[in-house]
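*Asks:* Can you read through this structure? Questions will come right after.
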Amino acid sequence: MFQIGDIAVCLFNDATVYMDPGGLFGLVPRVLWSRRYTADERHLVRAATHNLLIRAAGKNIIVDTGFGNNLSDSQRRFLHIAEYDGTHRGLAAIGLSAGDIDIVIDTHLHDDHCTGNFRLDADGSRAPAFPNAEYLAQRREYEDATNLNERTRGTYRPDNYVPLHESGQLRLLDGDAEIAPGVSAIVTPGHTPGHMSVRIESGGEQAAFLCDMASLAVHFERLAWMSAFDVEPLVTLETKRHWQKWALEKKALLFFPHDATTPAGRLTQDEGGRLIVKAEDAMADNPERA
């Protein structure tokens with residue numbers, strides 16, 4: 001649990017996934033990325049699927065929903081998922097249930113970020129995972145996610161979001177929006193044109209769930225490093241340039257959705273360049289914040 005001013009946040013790892021490094025690192029050669037990340041005997045890299053709980057102004061807000069419990073055994077084997085459904089276990093561990101969630105922010109609608117919008121019951125039926133919540137996504141993202149092409153159809157599953165929109169439980173945003181006092185959804189294009197990050201501001205402190213603007217900490221350190229899944233990589237680069245400046249100026253706490261070793265940290269700069277300092281190290285001089 002972290003405290004950002006008056007706002008409490010908690011990071012859950014919904015699923016542990018072993019990924020092909022070609023997806024995680026794109027054009028970055030193995031000789032470079034292997035200095036920071038290790039592949040196993042299958043040539044796969046361990047990754048996380050982090051979702052964020054924000055407790056602000058009496059609201060419980062979930063940012064992204066991961067895979068949840070929606071995948072079959074064969075689907076989990078295909079995706080190399082070792083652990084799953086961590087968000088619901090994490091909520092239970094801090095005394096919350098799915099019914100306590102007021103708002104769900106889908107930063108974008110790729111399947112690893114919103115399959116957990118629904119929950120699979122014992123009888124095989126599916127229902128909204130957070131029955132009392134209003135779900136939010138960008139209108140541009142929804143339009144792209146419902147008009148698929150050969151490049152995008154492998155990462156979008158309309159049954160994760162179309163039923164919510166049809167029932168009125170999913171509200172579409174047109175640009176940046178304040179979700180609750182101190183919590184804003186900001187369009188950060190590149191990974192997809194309608195991709196969002198979530199900024200948190202309270203008591204003079206700042207944080208951001210960057211989502212797939214920077215899937216890994218190293219993606220945020222290095223402008224040219226990004227995943228192969230970015231639809232508009234050069235837009236991602238410029239988006240990161242803007243947010244790097246913000247992160248340095250604000251000394252912001254940053255959350256990375258897929259980094260299994262550095263899930264949170266702060267961007268620092270010295271004569272050697274820019275580096276993410278892992279959260280517990282970055283806050284060693286202020287331990288009550290962790």
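Following the order of the structure tokens, first chain is A, next is B, and so on, with residues numbered from 1 inside each chain and ligands from 1 in the order they appear.
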Using only C-alpha atoms, tabulate the residues of segment 199-249 of chain A lying at most 12 Å from any atom of segment 173-178 of chain A, each with its closest atom pair and that distance in Å to one decimal, by chain and increasing residue number, as CSV.
*Replies:*
residue,atom,partner,partner_atom,distance
A:Arg199,CA,A:Glu178,CA,9.4
A:Ile200,CA,A:Glu178,CA,10.0
A:Glu201,CA,A:Glu178,CA,11.1
*Asks:* Can you tell me which residues surround Phe130 of chain A at a distance of at most 10 Å, considering only C-alpha atoms, apart from same-chain residues fewer than 5 positions away, and format the answer as a list of chain:residue names?
*Replies:* A:Ile62, A:Thr65, A:Ser97, A:Ala98, A:Gly99, A:Asp100, A:Ile101, A:Asp102, A:Ile103, A:Val104, A:Gly116, A:Asn117, A:Phe118, A:Arg119, A:Tyr135
*Asks:* Would you export the selected residues with all heavy atoms as an mmCIF file, in the first residue's frame, please?
*Replies:*
data_model
loop_
_atom_site.group_PDB
_atom_site.id
_atom_site.type_symbol
_atom_site.label_atom_id
_atom_site.label_comp_id
_atom_site.auth_asym_id
_atom_site.auth_seq_id
_atom_site.Cartn_x
_atom_site.Cartn_y
_atom_site.Cartn_z
ATOM 1 N N ILE A 62 -10.762 0.940 -9.454
ATOM 2 C CA ILE A 62 -9.831 -0.047 -9.994
ATOM 3 C C ILE A 62 -9.366 0.439 -11.368
ATOM 4 O O ILE A 62 -10.185 0.800 -12.220
ATOM 5 C CB ILE A 62 -10.492 -1.430 -10.133
ATOM 6 C CG1 ILE A 62 -10.645 -2.090 -8.769
ATOM 7 C CG2 ILE A 62 -9.683 -2.342 -11.062
ATOM 8 C CD1 ILE A 62 -9.370 -2.670 -8.194
ATOM 9 N N THR A 65 -8.272 -4.385 -15.278
ATOM 10 C CA THR A 65 -8.831 -5.572 -14.627
ATOM 11 C C THR A 65 -8.090 -6.851 -14.999
ATOM 12 O O THR A 65 -8.472 -7.931 -14.530
ATOM 13 C CB THR A 65 -10.324 -5.733 -14.985
ATOM 14 O OG1 THR A 65 -10.471 -5.890 -16.404
ATOM 15 C CG2 THR A 65 -11.134 -4.536 -14.510
ATOM 16 N N SER A 97 -14.597 -6.336 -1.328
ATOM 17 C CA SER A 97 -15.160 -7.286 -2.288
ATOM 18 C C SER A 97 -15.368 -6.585 -3.621
ATOM 19 O O SER A 97 -15.277 -5.352 -3.720
ATOM 20 C CB SER A 97 -16.498 -7.823 -1.782
ATOM 21 O OG SER A 97 -17.492 -6.805 -1.845
ATOM 22 N N ALA A 98 -15.673 -7.351 -4.643
ATOM 23 C CA ALA A 98 -15.928 -6.768 -5.957
ATOM 24 C C ALA A 98 -17.092 -5.783 -5.917
ATOM 25 O O ALA A 98 -17.107 -4.793 -6.653
ATOM 26 C CB ALA A 98 -16.211 -7.881 -6.970
ATOM 27 N N GLY A 99 -18.048 -6.031 -5.048
ATOM 28 C CA GLY A 99 -19.201 -5.139 -4.938
ATOM 29 C C GLY A 99 -18.877 -3.796 -4.322
ATOM 30 O O GLY A 99 -19.684 -2.865 -4.401
ATOM 31 N N ASP A 100 -17.692 -3.669 -3.716
ATOM 32 C CA ASP A 100 -17.289 -2.405 -3.102
ATOM 33 C C ASP A 100 -16.655 -1.437 -4.103
ATOM 34 O O ASP A 100 -16.382 -0.280 -3.749
ATOM 35 C CB ASP A 100 -16.279 -2.659 -1.979
ATOM 36 C CG ASP A 100 -16.880 -3.429 -0.807
ATOM 37 O OD1 ASP A 100 -18.042 -3.147 -0.462
ATOM 38 O OD2 ASP A 100 -16.179 -4.304 -0.257
ATOM 39 N N ILE A 101 -16.393 -1.883 -5.317
ATOM 40 C CA ILE A 101 -15.734 -1.046 -6.307
ATOM 41 C C ILE A 101 -16.753 -0.126 -6.971
ATOM 42 O O ILE A 101 -17.795 -0.575 -7.460
ATOM 43 C CB ILE A 101 -15.008 -1.903 -7.367
ATOM 44 C CG1 ILE A 101 -13.986 -2.816 -6.682
ATOM 45 C CG2 ILE A 101 -14.349 -1.020 -8.419
ATOM 46 C CD1 ILE A 101 -12.952 -2.094 -5.851
ATOM 47 N N ASP A 102 -16.437 1.174 -6.985
ATOM 48 C CA ASP A 102 -17.352 2.177 -7.532
ATOM 49 C C ASP A 102 -17.062 2.504 -9.001
ATOM 50 O O ASP A 102 -17.986 2.815 -9.751
ATOM 51 C CB ASP A 102 -17.236 3.474 -6.715
ATOM 52 C CG ASP A 102 -17.564 3.267 -5.245
ATOM 53 O OD1 ASP A 102 -18.739 2.988 -4.957
ATOM 54 O OD2 ASP A 102 -16.652 3.382 -4.420
ATOM 55 N N ILE A 103 -15.806 2.482 -9.378
ATOM 56 C CA ILE A 103 -15.404 2.899 -10.728
ATOM 57 C C ILE A 103 -14.311 1.948 -11.215
ATOM 58 O O ILE A 103 -13.401 1.590 -10.461
ATOM 59 C CB ILE A 103 -14.860 4.342 -10.736
ATOM 60 C CG1 ILE A 103 -15.943 5.329 -10.277
ATOM 61 C CG2 ILE A 103 -14.347 4.731 -12.126
ATOM 62 C CD1 ILE A 103 -15.413 6.734 -10.006
ATOM 63 N N VAL A 104 -14.400 1.550 -12.470
ATOM 64 C CA VAL A 104 -13.343 0.796 -13.150
ATOM 65 C C VAL A 104 -12.862 1.638 -14.326
ATOM 66 O O VAL A 104 -13.668 2.046 -15.174
ATOM 67 C CB VAL A 104 -13.838 -0.570 -13.656
ATOM 68 C CG1 VAL A 104 -12.762 -1.257 -14.504
ATOM 69 C CG2 VAL A 104 -14.247 -1.463 -12.492
ATOM 70 N N GLY A 116 -10.682 -9.142 -17.388
ATOM 71 C CA GLY A 116 -11.255 -9.208 -16.050
ATOM 72 C C GLY A 116 -12.420 -8.265 -15.814
ATOM 73 O O GLY A 116 -12.932 -8.178 -14.689
ATOM 74 N N ASN A 117 -12.872 -7.557 -16.856
ATOM 75 C CA ASN A 117 -14.116 -6.780 -16.740
ATOM 76 C C ASN A 117 -15.292 -7.683 -16.384
ATOM 77 O O ASN A 117 -16.262 -7.245 -15.762
ATOM 78 C CB ASN A 117 -14.445 -6.072 -18.055
ATOM 79 C CG ASN A 117 -13.617 -4.829 -18.279
ATOM 80 O OD1 ASN A 117 -12.866 -4.390 -17.412
ATOM 81 N ND2 ASN A 117 -13.755 -4.237 -19.462
ATOM 82 N N PHE A 118 -15.204 -8.952 -16.821
ATOM 83 C CA PHE A 118 -16.244 -9.932 -16.537
ATOM 84 C C PHE A 118 -15.676 -11.037 -15.651
ATOM 85 O O PHE A 118 -14.461 -11.206 -15.532
ATOM 86 C CB PHE A 118 -16.798 -10.531 -17.838
ATOM 87 C CG PHE A 118 -17.720 -9.605 -18.565
ATOM 88 C CD1 PHE A 118 -17.223 -8.652 -19.439
ATOM 89 C CD2 PHE A 118 -19.088 -9.667 -18.363
ATOM 90 C CE1 PHE A 118 -18.070 -7.775 -20.102
ATOM 91 C CE2 PHE A 118 -19.944 -8.802 -19.025
ATOM 92 C CZ PHE A 118 -19.437 -7.852 -19.896
ATOM 93 N N ARG A 119 -16.595 -11.771 -15.050
ATOM 94 C CA ARG A 119 -16.200 -12.871 -14.169
ATOM 95 C C ARG A 119 -16.944 -14.124 -14.598
ATOM 96 O O ARG A 119 -18.135 -14.081 -14.911
ATOM 97 C CB ARG A 119 -16.522 -12.526 -12.718
ATOM 98 C CG ARG A 119 -15.847 -13.473 -11.735
ATOM 99 C CD ARG A 119 -15.384 -12.727 -10.519
ATOM 100 N NE ARG A 119 -14.622 -13.607 -9.620
ATOM 101 C CZ ARG A 119 -13.311 -13.796 -9.730
ATOM 102 N NH1 ARG A 119 -12.638 -13.183 -10.688
ATOM 103 N NH2 ARG A 119 -12.678 -14.593 -8.889
ATOM 104 N N TYR A 135 -17.954 1.590 -15.468
ATOM 105 C CA TYR A 135 -16.730 1.354 -16.223
ATOM 106 C C TYR A 135 -16.477 2.545 -17.148
ATOM 107 O O TYR A 135 -17.429 3.118 -17.702
ATOM 108 C CB TYR A 135 -16.851 0.090 -17.068
ATOM 109 C CG TYR A 135 -16.838 -1.218 -16.304
ATOM 110 C CD1 TYR A 135 -17.886 -1.598 -15.474
ATOM 111 C CD2 TYR A 135 -15.781 -2.110 -16.446
ATOM 112 C CE1 TYR A 135 -17.889 -2.808 -14.796
ATOM 113 C CE2 TYR A 135 -15.761 -3.331 -15.781
ATOM 114 C CZ TYR A 135 -16.825 -3.675 -14.958
ATOM 115 O OH TYR A 135 -16.821 -4.883 -14.295
#
*Asks:* Grab the atom CA of Gly190 of chain A to atom CA of Phe12 of chain A distance for me, in Å with one decimal place.
*Replies:*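 Result for atom CA of Gly190 of chain A versus atom CA of Phe12 of chain A: 24.7 Å, one decimal.
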*Asks:* When you look at Gly203 of chain A with a cut-off of 12 Å (counting only C-alpha atoms), what residues show up, excluding the ones that are within fewer than 5 positions of it in the same chain? I need them as a list of chain:residue names.
*Replies:*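 Skipping anything fewer than 5 positions along the chain leaves A:Gln3, A:Ile4, A:Gly5, A:Asp6, A:Ile7, A:Ala8, A:Pro181, A:Gly182.
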*Asks:* Once DSSP has gone over the backbone, tell me which residues of segment 161-226 of chain A are in alpha helix (DSSP H), as a list in words.
*Replies:*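 Reading the DSSP output for segment 161-226 of chain A, alpha helix (DSSP H) covers Val162, Pro163, Leu164, His165, Glu166, Ser167, Ala217, Val218, His219, Phe220 and Glu221 of chain A.
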*Asks:* Record the distance separating atom CA of His258 of chain A and atom CA of Ala47 of chain A, expressed in Å with one decimal.
*Replies:*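 A separation of 5.3 Å between them.
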